[in-house]
file start_13.txt (compact mmCIF, C-alpha atoms)
# COMPACT_ATOMS: atom_id res chain seq x y z
CA MET X 1 0.00 0.00 0.00
CA LEU X 2 1.21 3.50 -0.78
CA HIS X 3 2.23 5.25 2.41
CA SER X 4 0.82 8.76 2.74
CA THR X 5 4.23 10.29 3.43
CA MET X 6 5.88 8.81 0.31
CA ASN X 7 6.06 11.33 -2.50
CA ARG X 8 4.80 10.37 -5.93
CA ARG X 9 8.19 10.14 -7.62
CA GLU X 10 9.57 7.87 -4.89
CA PHE X 11 6.56 5.62 -5.34
CA VAL X 12 6.99 5.47 -9.10
CA THR X 13 10.68 4.63 -8.76
CA GLY X 14 9.87 1.64 -6.58
CA SER X 15 6.79 0.48 -8.43
CA LEU X 16 8.52 0.45 -11.79
CA ALA X 17 11.71 -1.32 -10.74
CA ALA X 18 10.53 -4.40 -12.55
CA ALA X 19 9.55 -2.48 -15.67
CA ALA X 20 13.00 -0.92 -15.88
CA SER X 21 14.52 -4.40 -16.01
CA LEU X 22 12.81 -5.30 -19.29
CA GLY X 23 15.01 -6.38 -22.16
CA LEU X 24 15.36 -4.71 -25.54
CA GLY X 25 12.12 -4.30 -27.43
CA PRO X 26 9.90 -4.37 -24.32
CA ARG X 27 6.67 -5.73 -25.73
CA PHE X 28 6.32 -8.30 -23.01
CA LEU X 29 2.65 -9.17 -22.66
CA LEU X 30 -0.47 -9.88 -24.63
CA ARG X 31 -3.76 -11.38 -23.53
CA PRO X 32 -3.43 -14.75 -21.76
CA ALA X 33 -3.61 -17.77 -24.01
CA ASP X 34 -6.61 -20.07 -23.99
CA ALA X 35 -6.32 -22.08 -20.80
CA GLN X 36 -7.49 -25.23 -22.60
CA THR X 37 -4.54 -25.33 -24.99
CA THR X 38 -1.34 -27.19 -24.22
CA PRO X 39 1.64 -25.11 -23.05
CA GLY X 40 4.17 -26.62 -25.46
CA ARG X 41 7.78 -27.36 -24.62
CA VAL X 42 9.39 -25.24 -21.90
CA MET X 43 13.01 -24.87 -20.76
CA VAL X 44 13.73 -23.69 -17.22
CA CYS X 45 17.34 -22.64 -16.55
CA LEU X 46 18.61 -22.48 -12.97
CA PHE X 47 22.03 -20.83 -12.62
CA GLN X 48 24.01 -21.75 -9.48
CA ARG X 49 26.12 -18.61 -9.30
CA GLY X 50 29.41 -18.83 -7.46
CA ALA X 51 30.65 -22.19 -8.79
CA VAL X 52 29.11 -25.23 -7.14
CA ASP X 53 31.34 -28.02 -5.84
CA GLY X 54 30.25 -30.74 -8.24
CA LEU X 55 32.43 -33.33 -6.51
CA ASN X 56 30.42 -33.04 -3.30
CA MET X 57 27.09 -32.54 -5.07
CA ILE X 58 27.49 -35.70 -7.19
CA VAL X 59 30.02 -37.74 -5.24
CA PRO X 60 32.48 -40.05 -7.05
CA TYR X 61 32.56 -42.37 -4.06
CA GLY X 62 33.88 -45.19 -6.25
CA GLU X 63 37.23 -43.43 -6.62
CA SER X 64 39.46 -43.73 -3.57
CA ARG X 65 41.49 -40.69 -4.61
CA TYR X 66 38.43 -38.53 -3.81
CA TYR X 67 38.84 -39.41 -0.14
CA SER X 68 42.57 -38.76 0.01
CA LEU X 69 42.06 -35.32 -1.54
CA ARG X 70 39.32 -34.35 0.90
CA SER X 71 40.16 -35.63 4.32
CA SER X 72 37.65 -33.49 6.21
CA ILE X 73 34.89 -32.58 3.72
CA ALA X 74 34.46 -35.79 1.69
CA ILE X 75 31.01 -37.38 1.70
CA PRO X 76 31.17 -40.94 3.11
CA ARG X 77 30.36 -43.90 0.93
CA PRO X 78 26.75 -45.15 0.74
CA GLY X 79 25.68 -47.04 3.81
CA ALA X 80 27.88 -45.07 6.20
CA ASN X 81 26.53 -42.41 8.52
CA GLY X 82 25.89 -39.34 6.38
CA GLY X 83 26.83 -41.33 3.30
CA ALA X 84 26.12 -40.52 -0.33
CA LEU X 85 22.89 -41.80 -1.87
CA ASP X 86 23.90 -44.38 -4.44
CA LEU X 87 23.06 -43.64 -8.07
CA ASP X 88 24.91 -46.20 -10.16
CA GLY X 89 27.52 -48.00 -8.09
CA PHE X 90 30.16 -45.27 -8.61
CA PHE X 91 28.43 -41.92 -8.14
CA GLY X 92 26.09 -40.83 -5.37
CA LEU X 93 23.94 -37.83 -4.52
CA HIS X 94 24.93 -35.66 -1.58
CA PRO X 95 22.76 -36.98 1.28
CA SER X 96 20.96 -33.65 1.68
CA MET X 97 19.58 -34.07 -1.86
CA SER X 98 17.42 -37.05 -1.00
CA ALA X 99 14.31 -35.37 -2.44
CA LEU X 100 15.72 -35.91 -5.93
CA GLN X 101 16.68 -39.56 -5.64
CA PRO X 102 13.19 -40.91 -6.49
CA MET X 103 13.26 -38.82 -9.67
CA PHE X 104 16.61 -40.29 -10.66
CA ASP X 105 15.32 -43.78 -9.93
CA ASP X 106 12.20 -43.09 -12.02
CA GLY X 107 14.27 -41.94 -14.99
CA GLU X 108 13.31 -38.26 -14.85
CA LEU X 109 16.58 -36.86 -13.49
CA ALA X 110 19.95 -37.05 -15.21
CA VAL X 111 23.41 -35.90 -14.16
CA ILE X 112 26.07 -34.54 -16.48
CA HIS X 113 29.43 -34.79 -14.67
CA ALA X 114 32.80 -33.30 -15.56
CA CYS X 115 30.84 -30.67 -17.46
CA GLY X 116 31.90 -27.08 -17.99
CA SER X 117 33.63 -24.56 -20.18
CA PRO X 118 36.64 -25.19 -22.41
CA ASP X 119 37.87 -21.76 -21.38
CA GLU X 120 40.43 -21.84 -18.59
CA SER X 121 39.18 -18.75 -16.73
CA ARG X 122 38.58 -19.07 -13.01
CA SER X 123 37.05 -15.60 -12.86
CA HIS X 124 33.41 -15.73 -11.81
CA PHE X 125 32.55 -12.72 -13.95
CA ASP X 126 34.22 -14.00 -17.12
CA ALA X 127 33.10 -17.61 -16.77
CA GLN X 128 29.49 -16.62 -16.11
CA GLU X 129 29.52 -14.30 -19.12
CA TYR X 130 30.93 -17.03 -21.36
CA MET X 131 28.35 -19.54 -20.16
CA GLU X 132 25.50 -17.09 -20.75
CA THR X 133 26.64 -15.86 -24.14
CA GLY X 134 27.47 -19.40 -25.20
CA THR X 135 30.78 -18.25 -26.67
CA PRO X 136 33.57 -19.24 -24.26
CA GLY X 137 36.63 -17.02 -24.48
CA ASP X 138 34.90 -14.41 -26.67
CA LYS X 139 33.99 -11.15 -24.95
CA THR X 140 32.64 -9.51 -28.11
CA THR X 141 29.32 -11.39 -28.16
CA ASP X 142 26.42 -9.00 -27.72
CA ASP X 143 23.53 -11.36 -27.01
CA GLY X 144 22.87 -14.47 -24.96
CA TRP X 145 22.35 -18.01 -26.21
CA ILE X 146 18.76 -18.16 -24.95
CA ASN X 147 17.86 -14.96 -26.78
CA ARG X 148 19.44 -16.35 -29.95
CA HIS X 149 17.24 -19.41 -29.56
CA LEU X 150 14.21 -17.12 -29.44
CA GLN X 151 15.48 -15.17 -32.44
CA THR X 152 15.70 -18.33 -34.54
CA THR X 153 12.27 -19.77 -33.68
CA SER X 154 8.66 -18.66 -33.89
CA PRO X 155 6.37 -18.41 -30.86
CA ALA X 156 4.47 -21.56 -30.06
CA LYS X 157 1.53 -19.31 -29.20
CA PRO X 158 0.45 -15.85 -30.43
CA THR X 159 2.15 -14.05 -27.57
CA THR X 160 5.23 -11.96 -26.93
CA LEU X 161 5.64 -13.33 -23.41
CA ARG X 162 8.04 -16.04 -24.51
CA ALA X 163 10.75 -15.66 -21.86
CA VAL X 164 10.72 -14.60 -18.22
CA ALA X 165 13.49 -14.30 -15.64
CA VAL X 166 12.90 -14.19 -11.90
CA THR X 167 15.90 -11.89 -11.49
CA GLY X 168 16.38 -8.22 -10.70
CA ASN X 169 17.80 -7.51 -14.15
CA VAL X 170 17.74 -9.22 -17.51
CA PRO X 171 20.36 -11.99 -17.26
CA ARG X 172 23.13 -12.09 -19.85
CA ALA X 173 21.76 -15.32 -21.32
CA LEU X 174 18.50 -13.56 -22.23
CA ALA X 175 19.98 -10.31 -23.53
CA GLY X 176 19.26 -9.56 -27.16
CA SER X 177 16.73 -8.33 -29.67
CA GLU X 178 13.90 -10.63 -28.59
CA SER X 179 11.70 -9.27 -25.79
CA VAL X 180 11.98 -10.78 -22.33
CA TYR X 181 10.52 -9.89 -18.97
CA ALA X 182 12.67 -9.87 -15.83
CA ALA X 183 11.65 -9.04 -12.28
CA ALA X 184 12.84 -10.10 -8.84
CA SER X 185 9.28 -11.37 -8.39
CA LEU X 186 7.03 -12.04 -11.35
CA LEU X 187 4.09 -10.93 -9.23
CA ASP X 188 5.47 -7.67 -7.81
CA LEU X 189 3.77 -5.29 -10.24
CA ASP X 190 0.67 -5.08 -8.07
CA LEU X 191 -0.22 -1.39 -7.70
CA GLY X 192 -3.02 -2.13 -5.29
CA SER X 193 -6.70 -2.88 -5.65
CA GLY X 194 -9.78 -0.70 -5.85
CA ARG X 195 -9.43 3.05 -5.51
CA GLN X 196 -5.84 2.73 -4.22
CA GLY X 197 -4.76 0.95 -7.38
CA GLU X 198 -6.53 3.44 -9.61
CA LEU X 199 -4.77 6.35 -7.92
CA ALA X 200 -1.38 4.66 -8.18
CA ARG X 201 -1.82 3.96 -11.86
CA ALA X 202 -3.06 7.48 -12.54
CA ALA X 203 -0.02 8.92 -10.78
CA ILE X 204 2.35 6.91 -12.94
CA GLU X 205 0.48 7.72 -16.14
CA ASP X 206 0.59 11.42 -15.26
CA LEU X 207 4.38 11.27 -15.04
CA TYR X 208 5.00 9.25 -18.19
CA ARG X 209 2.07 10.03 -20.52
CA GLY X 210 3.24 11.18 -23.92
CA ARG X 211 6.86 10.05 -23.59
CA THR X 212 8.09 8.22 -26.68
CA ASP X 213 11.47 7.07 -25.38
CA LEU X 214 12.27 3.53 -24.20
CA ILE X 215 11.17 4.18 -20.60
CA GLY X 216 7.93 5.83 -21.72
CA ARG X 217 7.02 2.95 -24.03
CA THR X 218 8.01 0.37 -21.45
CA VAL X 219 5.97 1.97 -18.69
CA GLY X 220 2.96 2.36 -20.93
CA GLU X 221 3.00 -1.27 -22.02
CA THR X 222 3.63 -2.41 -18.46
CA LEU X 223 0.66 -0.45 -17.15
CA ASP X 224 -1.58 -1.74 -19.92
CA ASN X 225 -0.78 -5.36 -19.15
CA TYR X 226 0.35 -5.72 -15.54
CA GLU X 227 -3.03 -7.17 -14.55
CA ILE X 228 -2.07 -10.41 -16.28
CA PHE X 229 0.50 -11.14 -13.60
CA THR X 230 -1.33 -9.58 -10.66
CA ASN X 231 -4.40 -11.65 -11.48
CA LEU X 232 -2.34 -14.78 -10.89
CA GLY X 233 -2.47 -14.27 -7.12
CA GLY X 234 -3.89 -16.76 -4.66
CA TYR X 235 -1.94 -19.71 -5.99
CA THR X 236 -1.94 -23.06 -4.20
CA PRO X 237 0.66 -25.61 -5.39
CA ALA X 238 -0.84 -28.87 -6.60
CA ASN X 239 -0.33 -32.46 -5.48
CA GLY X 240 0.80 -31.47 -1.98
CA ALA X 241 3.99 -29.83 -3.27
CA ALA X 242 5.80 -27.98 -0.49
CA TYR X 243 8.35 -25.42 -1.68
CA PRO X 244 11.12 -24.57 0.80
CA ASN X 245 11.15 -21.16 2.38
CA GLY X 246 13.44 -18.56 0.83
CA ASP X 247 14.04 -17.06 -2.58
CA LEU X 248 14.69 -20.25 -4.53
CA GLY X 249 11.47 -21.92 -3.42
CA ARG X 250 9.53 -18.74 -4.17
CA GLN X 251 11.14 -18.35 -7.60
CA LEU X 252 10.29 -21.89 -8.73
CA ARG X 253 6.81 -21.57 -7.25
CA GLU X 254 6.20 -18.42 -9.31
CA ILE X 255 7.51 -20.10 -12.45
CA ALA X 256 5.22 -23.08 -11.88
CA GLN X 257 2.29 -20.72 -11.43
CA VAL X 258 3.09 -18.84 -14.63
CA LEU X 259 3.56 -22.04 -16.65
CA LYS X 260 0.27 -23.48 -15.46
CA SER X 261 -1.46 -20.20 -16.29
CA ASN X 262 -0.65 -20.96 -19.93
CA LEU X 263 0.55 -17.50 -20.97
CA GLY X 264 2.80 -18.86 -23.70
CA VAL X 265 6.08 -18.81 -21.76
CA GLU X 266 8.68 -21.02 -23.44
CA VAL X 267 11.77 -20.16 -21.37
CA ALA X 268 12.16 -19.29 -17.69
CA PHE X 269 15.40 -18.32 -15.96
CA LEU X 270 16.28 -18.08 -12.29
CA GLU X 271 19.44 -17.95 -10.22
CA VAL X 272 20.67 -18.76 -6.75
CA GLY X 273 23.96 -17.66 -5.21
CA GLY X 274 26.10 -18.77 -2.29
CA TRP X 275 28.09 -21.54 -3.97
CA ASP X 276 31.54 -19.92 -3.59
CA THR X 277 32.54 -22.14 -0.67
CA HIS X 278 36.14 -21.13 0.04
CA VAL X 279 35.81 -21.53 3.80
CA ASN X 280 34.01 -24.08 5.99
CA GLU X 281 32.24 -25.82 3.14
CA GLY X 282 31.30 -28.78 5.27
CA GLY X 283 30.70 -32.35 4.23
CA ALA X 284 27.50 -34.28 4.87
CA ASP X 285 26.42 -31.32 7.02
CA GLY X 286 27.23 -27.65 6.91
CA GLN X 287 27.18 -24.75 4.49
CA LEU X 288 27.09 -26.66 1.20
CA ALA X 289 24.72 -29.29 2.56
CA ASP X 290 22.18 -26.61 3.46
CA LEU X 291 22.38 -25.06 -0.02
CA LEU X 292 22.02 -28.44 -1.72
CA ARG X 293 19.06 -29.39 0.45
CA THR X 294 17.21 -26.23 -0.54
CA LEU X 295 18.07 -26.79 -4.20
CA ALA X 296 16.85 -30.39 -4.18
CA ASP X 297 13.71 -29.64 -2.18
CA ALA X 298 12.79 -26.76 -4.50
CA MET X 299 13.36 -28.81 -7.66
CA ALA X 300 11.36 -31.72 -6.26
CA ALA X 301 8.48 -29.43 -5.25
CA PHE X 302 8.46 -27.92 -8.74
CA ARG X 303 8.24 -31.35 -10.34
CA ILE X 304 5.46 -32.48 -7.96
CA ASP X 305 3.56 -29.23 -8.43
CA LEU X 306 3.57 -29.46 -12.23
CA GLY X 307 2.43 -33.07 -12.27
CA ASN X 308 1.76 -34.26 -15.83
CA ALA X 309 2.75 -30.86 -17.23
CA MET X 310 6.34 -31.81 -16.41
CA ASP X 311 6.21 -34.02 -19.50
CA ASP X 312 6.87 -30.89 -21.57
CA VAL X 313 9.32 -29.17 -19.21
CA CYS X 314 13.08 -29.52 -18.88
CA LEU X 315 14.60 -27.95 -15.78
CA MET X 316 18.36 -27.69 -16.14
CA THR X 317 21.02 -26.47 -13.72
CA MET X 318 24.31 -24.81 -14.58
CA SER X 319 27.27 -23.24 -12.81
CA GLU X 320 30.22 -21.32 -14.20
CA PHE X 321 32.87 -23.80 -13.05
CA GLY X 322 33.58 -26.27 -10.27
CA ARG X 323 35.92 -26.34 -7.28
CA THR X 324 39.41 -27.66 -6.68
CA ALA X 325 39.64 -31.43 -6.29
CA ALA X 326 41.51 -31.04 -3.00
CA GLU X 327 40.17 -29.14 -0.04
CA ASN X 328 42.09 -26.08 1.05
CA GLY X 329 43.49 -25.16 4.46
CA THR X 330 40.26 -23.53 5.66
CA GLY X 331 37.94 -26.47 5.14
CA GLY X 332 36.73 -25.22 1.78
CA THR X 333 37.52 -25.44 -1.91
CA ASP X 334 38.83 -22.87 -4.36
CA HIS X 335 37.93 -22.01 -7.95
CA GLY X 336 38.20 -25.04 -10.21
CA HIS X 337 37.17 -26.24 -13.64
CA GLY X 338 34.73 -29.11 -14.26
CA THR X 339 31.52 -29.54 -12.26
CA ALA X 340 28.20 -31.39 -12.33
CA MET X 341 24.92 -30.22 -13.88
CA LEU X 342 21.41 -31.64 -13.69
CA ALA X 343 18.47 -32.11 -16.05
CA LEU X 344 14.96 -32.92 -14.81
CA GLY X 345 11.87 -33.48 -16.91
CA GLY X 346 9.63 -35.72 -18.95
CA THR X 347 11.83 -35.69 -22.05
CA VAL X 348 15.01 -36.40 -20.07
CA ALA X 349 16.50 -39.86 -20.43
CA GLY X 350 17.26 -39.94 -16.73
CA GLY X 351 18.50 -42.47 -14.25
CA LYS X 352 22.02 -42.06 -15.59
CA VAL X 353 25.21 -40.08 -14.99
CA TYR X 354 26.34 -38.77 -18.39
CA GLY X 355 29.82 -37.78 -19.51
CA ASP X 356 33.24 -39.39 -19.61
CA TRP X 357 34.75 -39.53 -16.15
CA PRO X 358 38.32 -38.18 -16.35
CA GLY X 359 39.48 -39.42 -12.95
CA LEU X 360 41.07 -37.66 -10.01
CA GLY X 361 44.62 -38.98 -10.27
CA SER X 362 47.35 -36.35 -10.18
CA SER X 363 48.02 -36.78 -13.90
CA GLN X 364 44.29 -36.70 -14.71
CA LEU X 365 43.47 -33.42 -13.01
CA TYR X 366 43.22 -30.26 -15.07
CA GLU X 367 46.41 -28.25 -14.46
CA GLY X 368 47.15 -30.71 -11.66
CA ARG X 369 44.39 -29.39 -9.41
CA ASP X 370 40.86 -29.54 -10.86
CA LEU X 371 38.33 -32.00 -12.22
CA ASP X 372 38.81 -31.86 -15.98
CA VAL X 373 36.01 -30.95 -18.40
CA THR X 374 35.05 -33.79 -20.73
CA THR X 375 31.62 -32.42 -21.72
CA ASP X 376 31.51 -28.89 -23.06
CA PHE X 377 28.52 -27.13 -21.50
CA ARG X 378 27.38 -26.21 -25.02
CA THR X 379 26.87 -29.88 -25.80
CA PHE X 380 24.42 -30.14 -22.91
CA PHE X 381 22.65 -26.85 -23.69
CA ALA X 382 22.54 -27.52 -27.43
CA GLU X 383 20.91 -30.88 -26.92
CA VAL X 384 18.15 -29.33 -24.82
CA VAL X 385 17.64 -26.62 -27.46
CA GLU X 386 17.60 -29.08 -30.34
CA ARG X 387 15.85 -32.14 -28.98
CA HIS X 388 13.63 -30.65 -26.28
CA LEU X 389 12.74 -27.26 -27.80
CA GLY X 390 12.94 -28.44 -31.42
CA ASN X 391 15.36 -25.78 -32.69
CA ASP X 392 17.85 -27.25 -35.15
CA ASP X 393 19.66 -23.96 -35.83
CA ILE X 394 22.39 -24.78 -33.33
CA ALA X 395 25.02 -23.01 -35.44
CA THR X 396 23.31 -19.69 -34.69
CA VAL X 397 22.50 -20.39 -31.06
CA PHE X 398 26.07 -21.58 -30.39
CA PRO X 399 28.30 -20.09 -33.10
CA ASP X 400 31.70 -21.62 -33.82
CA PHE X 401 30.78 -24.80 -31.98
CA ALA X 402 30.90 -28.21 -33.61
CA TYR X 403 27.79 -30.07 -32.52
CA GLY X 404 26.54 -33.26 -34.06
CA PRO X 405 26.11 -37.02 -33.67
CA SER X 406 29.71 -37.47 -32.52
CA ASN X 407 29.28 -35.45 -29.35
CA ARG X 408 25.59 -35.73 -28.53
CA LEU X 409 24.86 -37.13 -25.10
CA ALA X 410 21.49 -38.72 -26.02
CA LEU X 411 20.26 -37.00 -22.88
CA ILE X 412 16.90 -35.96 -24.32
CA SER X 413 14.61 -38.70 -25.58

call {"tool": "encode", "arguments": {"input": "start_13.txt", "output": "structure tokens"}}
result
Amino acid sequence: MLHSTMNRREFVTGSLAAAASLGLGPRFLLRPADAQTTPGRVMVCLFQRGAVDGLNMIVPYGESRYYSLRSSIAIPRPGANGGALDLDGFFGLHPSMSALQPMFDDGELAVIHACGSPDESRSHFDAQEYMETGTPGDKTTDDGWINRHLQTTSPAKPTTLRAVAVTGNVPRALAGSESVYAAASLLDLDLGSGRQGELARAAIEDLYRGRTDLIGRTVGETLDNYEIFTNLGGYTPANGAAYPNGDLGRQLREIAQVLKSNLGVEVAFLEVGGWDTHVNEGGADGQLADLLRTLADAMAAFRIDLGNAMDDVCLMTMSEFGRTAAENGTGGTDHGHGTAMLALGGTVAGGKVYGDWPGLGSSQLYEGRDLDVTTDFRTFFAEVVERHLGNDDIATVFPDFAYGPSNRLALIS
């Protein structure tokens, strides 16, 4: 509610924070699609910013070298107290990720290990940019790989609301000429109901009416269409799904609500930080365990909530790089190279850990310290784009990348 002591310009600044985060060409909403039609294929991208420790997320308990490298933070073998949850006799889930094990066993969840960028950077900023532009090592790329996917395909529905991001600003992966909508909360454009809402809208229109610049057009279109999101209130997750408290649970809950509202969204993006575990990472318990528990519980709730609609959804995780194979002197891990990524959905050929395992021997480690990358992240992303979303223009989405039968994972059925 608008406080009586807040001046009009202060109110407008706050109310339009989400509108200011729109991407280029901000024509982000039309009328909602017919609720009886099918939503079509959807890709949900979850970025674990900060570089997740893939070796403790998906534990190579079958390799003894893992335990000699991590004397205090290694996850015990399956069957031991706090032990990994067995996946295939060699790899196991971190025990705090138990919510995902039934989905692996049912063939809906897949793991891609030793996955990452061919670029050697251990800079968070550079590695995240390369992963989002889809052009590792090239800082001249203007747009993101997801936006290029949108540029090379037609909408599945007559709508411009093809891509949303539950982020404060348009993420690099979605930057480009195709319109996207980004907001820290997809539902935070509520200007109030009744007379209060009318006054708020009138105040904003009075400030911006007649402006023809980007902000003026964006605000006008936002005001004309914000009811589409605000009318989505009062949502109750289906099938007893219980999202964890906190931002990640809320973000996935909002995405589930939007997808089930059938607005024509084809791509959703969200992010969660905190994975830069240099100090006191912990093992079966501790800092990383808490983060992984929230991640797994949120993903599991999303899958349960969507029910049969998950047949057309692929939820994929990514992180800019992994952590050092050996723990450091402060009970943590430093910036590394290869990591583990996940894919969950009805088109995923799950129940398997994909990728060639490079080993953790001293001669097998990248630069003598990190898990090596044997699966280029673009192979994973390209397969989702091609086989899940049906876009065969991979050469445009991932330029200068050789993708074909020789390096496909067969991850998507």

call {"tool": "residues_around", "arguments": {"input": "start_13.txt", "residues": "Gly336 of chain X", "least_positions_apart": "3", "cutoff": "7 Å", "atoms": "only C-alpha atoms", "output": "ChimeraX atom specification"}}
result
/X:122,321-324,370

call {"tool": "closest_residue", "arguments": {"input": "start_13.txt", "among": "X:Glu271, X:Asp334, X:Asp105, X:Glu367", "to": "Glu120 of chain X", "atoms": "all atoms listed in the file"}}
result
X:Glu367

call {"tool": "closest_residue", "arguments": {"input": "start_13.txt", "among": "X:Gly351, X:Gly249, X:Pro76, X:Pro237", "to": "Leu291 of chain X", "atoms": "only C-alpha atoms"}}
result
X:Gly249

call {"tool": "atom_distance", "arguments": {"input": "start_13.txt", "atom1": "atom CA of Ala296 of chain X", "atom2": "atom CA of Met97 of chain X"}}
result
5.1 Å

call {"tool": "residues_around", "arguments": {"input": "start_13.txt", "residues": "Gln287 of chain X", "least_positions_apart": "2", "cutoff": "12 Å", "atoms": "only C-alpha atoms", "output": "MDAnalysis selection string"}}
result
chainID X and resid 52:53 56 73 96 274:285 289:294 331:332

call {"tool": "atom_distance", "arguments": {"input": "start_13.txt", "atom1": "atom CA of Leu232 of chain X", "atom2": "atom CA of Val166 of chain X"}}
result
15.3 Å

call {"tool": "atom_distance", "arguments": {"input": "start_13.txt", "atom1": "atom CA of Thr333 of chain X", "atom2": "atom CA of Tyr67 of chain X"}}
result
14.1 Å

call {"tool": "residues_around", "arguments": {"input": "start_13.txt", "residues": "segment 375-380 of chain X", "least_positions_apart": "5", "cutoff": "9 Å", "atoms": "only C-alpha atoms", "output": "tab-separated table (two decimals) with C-alpha atoms, keeping the file's coordinate frame"}}
result
chain	number	residue	atom	x	y	z
X	112	ILE	CA	26.07	-34.54	-16.48
X	113	HIS	CA	29.43	-34.79	-14.67
X	114	ALA	CA	32.80	-33.30	-15.56
X	115	CYS	CA	30.84	-30.67	-17.46
X	116	GLY	CA	31.90	-27.08	-17.99
X	117	SER	CA	33.63	-24.56	-20.18
X	118	PRO	CA	36.64	-25.19	-22.41
X	131	MET	CA	28.35	-19.54	-20.16
X	134	GLY	CA	27.47	-19.40	-25.20
X	135	THR	CA	30.78	-18.25	-26.67
X	318	MET	CA	24.31	-24.81	-14.58
X	338	GLY	CA	34.73	-29.11	-14.26
X	341	MET	CA	24.92	-30.22	-13.88
X	354	TYR	CA	26.34	-38.77	-18.39
X	355	GLY	CA	29.82	-37.78	-19.51
X	356	ASP	CA	33.24	-39.39	-19.61
X	385	VAL	CA	17.64	-26.62	-27.46
X	398	PHE	CA	26.07	-21.58	-30.39
X	401	PHE	CA	30.78	-24.80	-31.98
X	402	ALA	CA	30.90	-28.21	-33.61
X	403	TYR	CA	27.79	-30.07	-32.52
X	404	GLY	CA	26.54	-33.26	-34.06
X	407	ASN	CA	29.28	-35.45	-29.35
X	408	ARG	CA	25.59	-35.73	-28.53
X	409	LEU	CA	24.86	-37.13	-25.10
X	411	LEU	CA	20.26	-37.00	-22.88

call {"tool": "closest_residue", "arguments": {"input": "start_13.txt", "among": "X:Asp393, X:Val59, X:Arg369, X:His124", "to": "Asn328 of chain X", "atoms": "all atoms listed in the file"}}
result
X:Arg369

call {"tool": "closest_residue", "arguments": {"input": "start_13.txt", "among": "X:Ala343, X:Leu69, X:Met103, X:Val353", "to": "Leu365 of chain X", "atoms": "all atoms listed in the file"}}
result
X:Leu69

call {"tool": "residues_near_point", "arguments": {"input": "start_13.txt", "point": "(21.3, -21.6, -8.2)", "cutoff": "6 Å", "atoms": "all atoms listed in the file", "output": "PyMOL selection string"}}
result
chain X and resi 46-49+271-273

call {"tool": "closest_atom_pairs", "arguments": {"input": "start_13.txt", "of": "segment 137-191 of chain X", "to": "segment 257-270 of chain X", "cutoff": "12 Å", "atoms": "only C-alpha atoms", "output": "CSV"}}
result
residue,atom,partner,partner_atom,distance
X:Trp145,CA,X:Val267,CA,11.8
X:Ile146,CA,X:Val267,CA,8.1
X:Asn147,CA,X:Val267,CA,9.7
X:His149,CA,X:Val267,CA,9.9
X:Leu150,CA,X:Val267,CA,9.0
X:Thr153,CA,X:Glu266,CA,10.9
X:Ser154,CA,X:Glu266,CA,10.7
X:Pro155,CA,X:Gly264,CA,8.0
X:Ala156,CA,X:Gly264,CA,7.1
X:Lys157,CA,X:Gly264,CA,5.7
X:Pro158,CA,X:Gly264,CA,7.7
X:Thr159,CA,X:Gly264,CA,6.2
X:Thr160,CA,X:Gly264,CA,8.0
X:Leu161,CA,X:Val265,CA,5.7
X:Arg162,CA,X:Val265,CA,4.4
X:Ala163,CA,X:Val267,CA,4.6
X:Val164,CA,X:Ala268,CA,4.9
X:Ala165,CA,X:Phe269,CA,4.5
X:Val166,CA,X:Leu270,CA,5.2
X:Thr167,CA,X:Leu270,CA,6.3
X:Gly168,CA,X:Leu270,CA,10.0
X:Asn169,CA,X:Leu270,CA,10.8
X:Val170,CA,X:Phe269,CA,9.5
X:Pro171,CA,X:Phe269,CA,8.1
X:Arg172,CA,X:Phe269,CA,10.7
X:Ala173,CA,X:Phe269,CA,8.8
X:Leu174,CA,X:Phe269,CA,8.5
X:Ala175,CA,X:Phe269,CA,11.9
X:Ser179,CA,X:Val267,CA,11.8
X:Val180,CA,X:Val267,CA,9.4
X:Tyr181,CA,X:Ala268,CA,9.6
X:Ala182,CA,X:Phe269,CA,8.9
X:Ala183,CA,X:Leu270,CA,10.2
X:Ala184,CA,X:Leu270,CA,9.3
X:Ser185,CA,X:Leu270,CA,10.5
X:Leu186,CA,X:Val258,CA,8.5
X:Leu187,CA,X:Val258,CA,9.6

call {"tool": "closest_residue", "arguments": {"input": "start_13.txt", "among": "X:Gly107, X:Gly240, X:Pro102, X:Pro60", "to": "Ala84 of chain X", "atoms": "all atoms listed in the file"}}
result
X:Pro60

call {"tool": "residues_around", "arguments": {"input": "start_13.txt", "residues": "Arg253 of chain X", "least_positions_apart": "6", "cutoff": "9 Å", "atoms": "only C-alpha atoms", "output": "PDB file with C-alpha atoms, in the frame of the given file"}}
result
ATOM      1  CA  PRO X 237       0.660 -25.610  -5.390  1.00  0.00           C
ATOM      2  CA  TYR X 243       8.350 -25.420  -1.680  1.00  0.00           C
ATOM      3  CA  ALA X 298      12.790 -26.760  -4.500  1.00  0.00           C
ATOM      4  CA  ALA X 301       8.480 -29.430  -5.250  1.00  0.00           C
ATOM      5  CA  PHE X 302       8.460 -27.920  -8.740  1.00  0.00           C
ATOM      6  CA  ASP X 305       3.560 -29.230  -8.430  1.00  0.00           C
TER       7      ASP X 305
END

call {"tool": "closest_residue", "arguments": {"input": "start_13.txt", "among": "X:His337, X:Asp247, X:Gly62, X:Val42", "to": "Ser121 of chain X", "atoms": "all atoms listed in the file"}}
result
X:His337
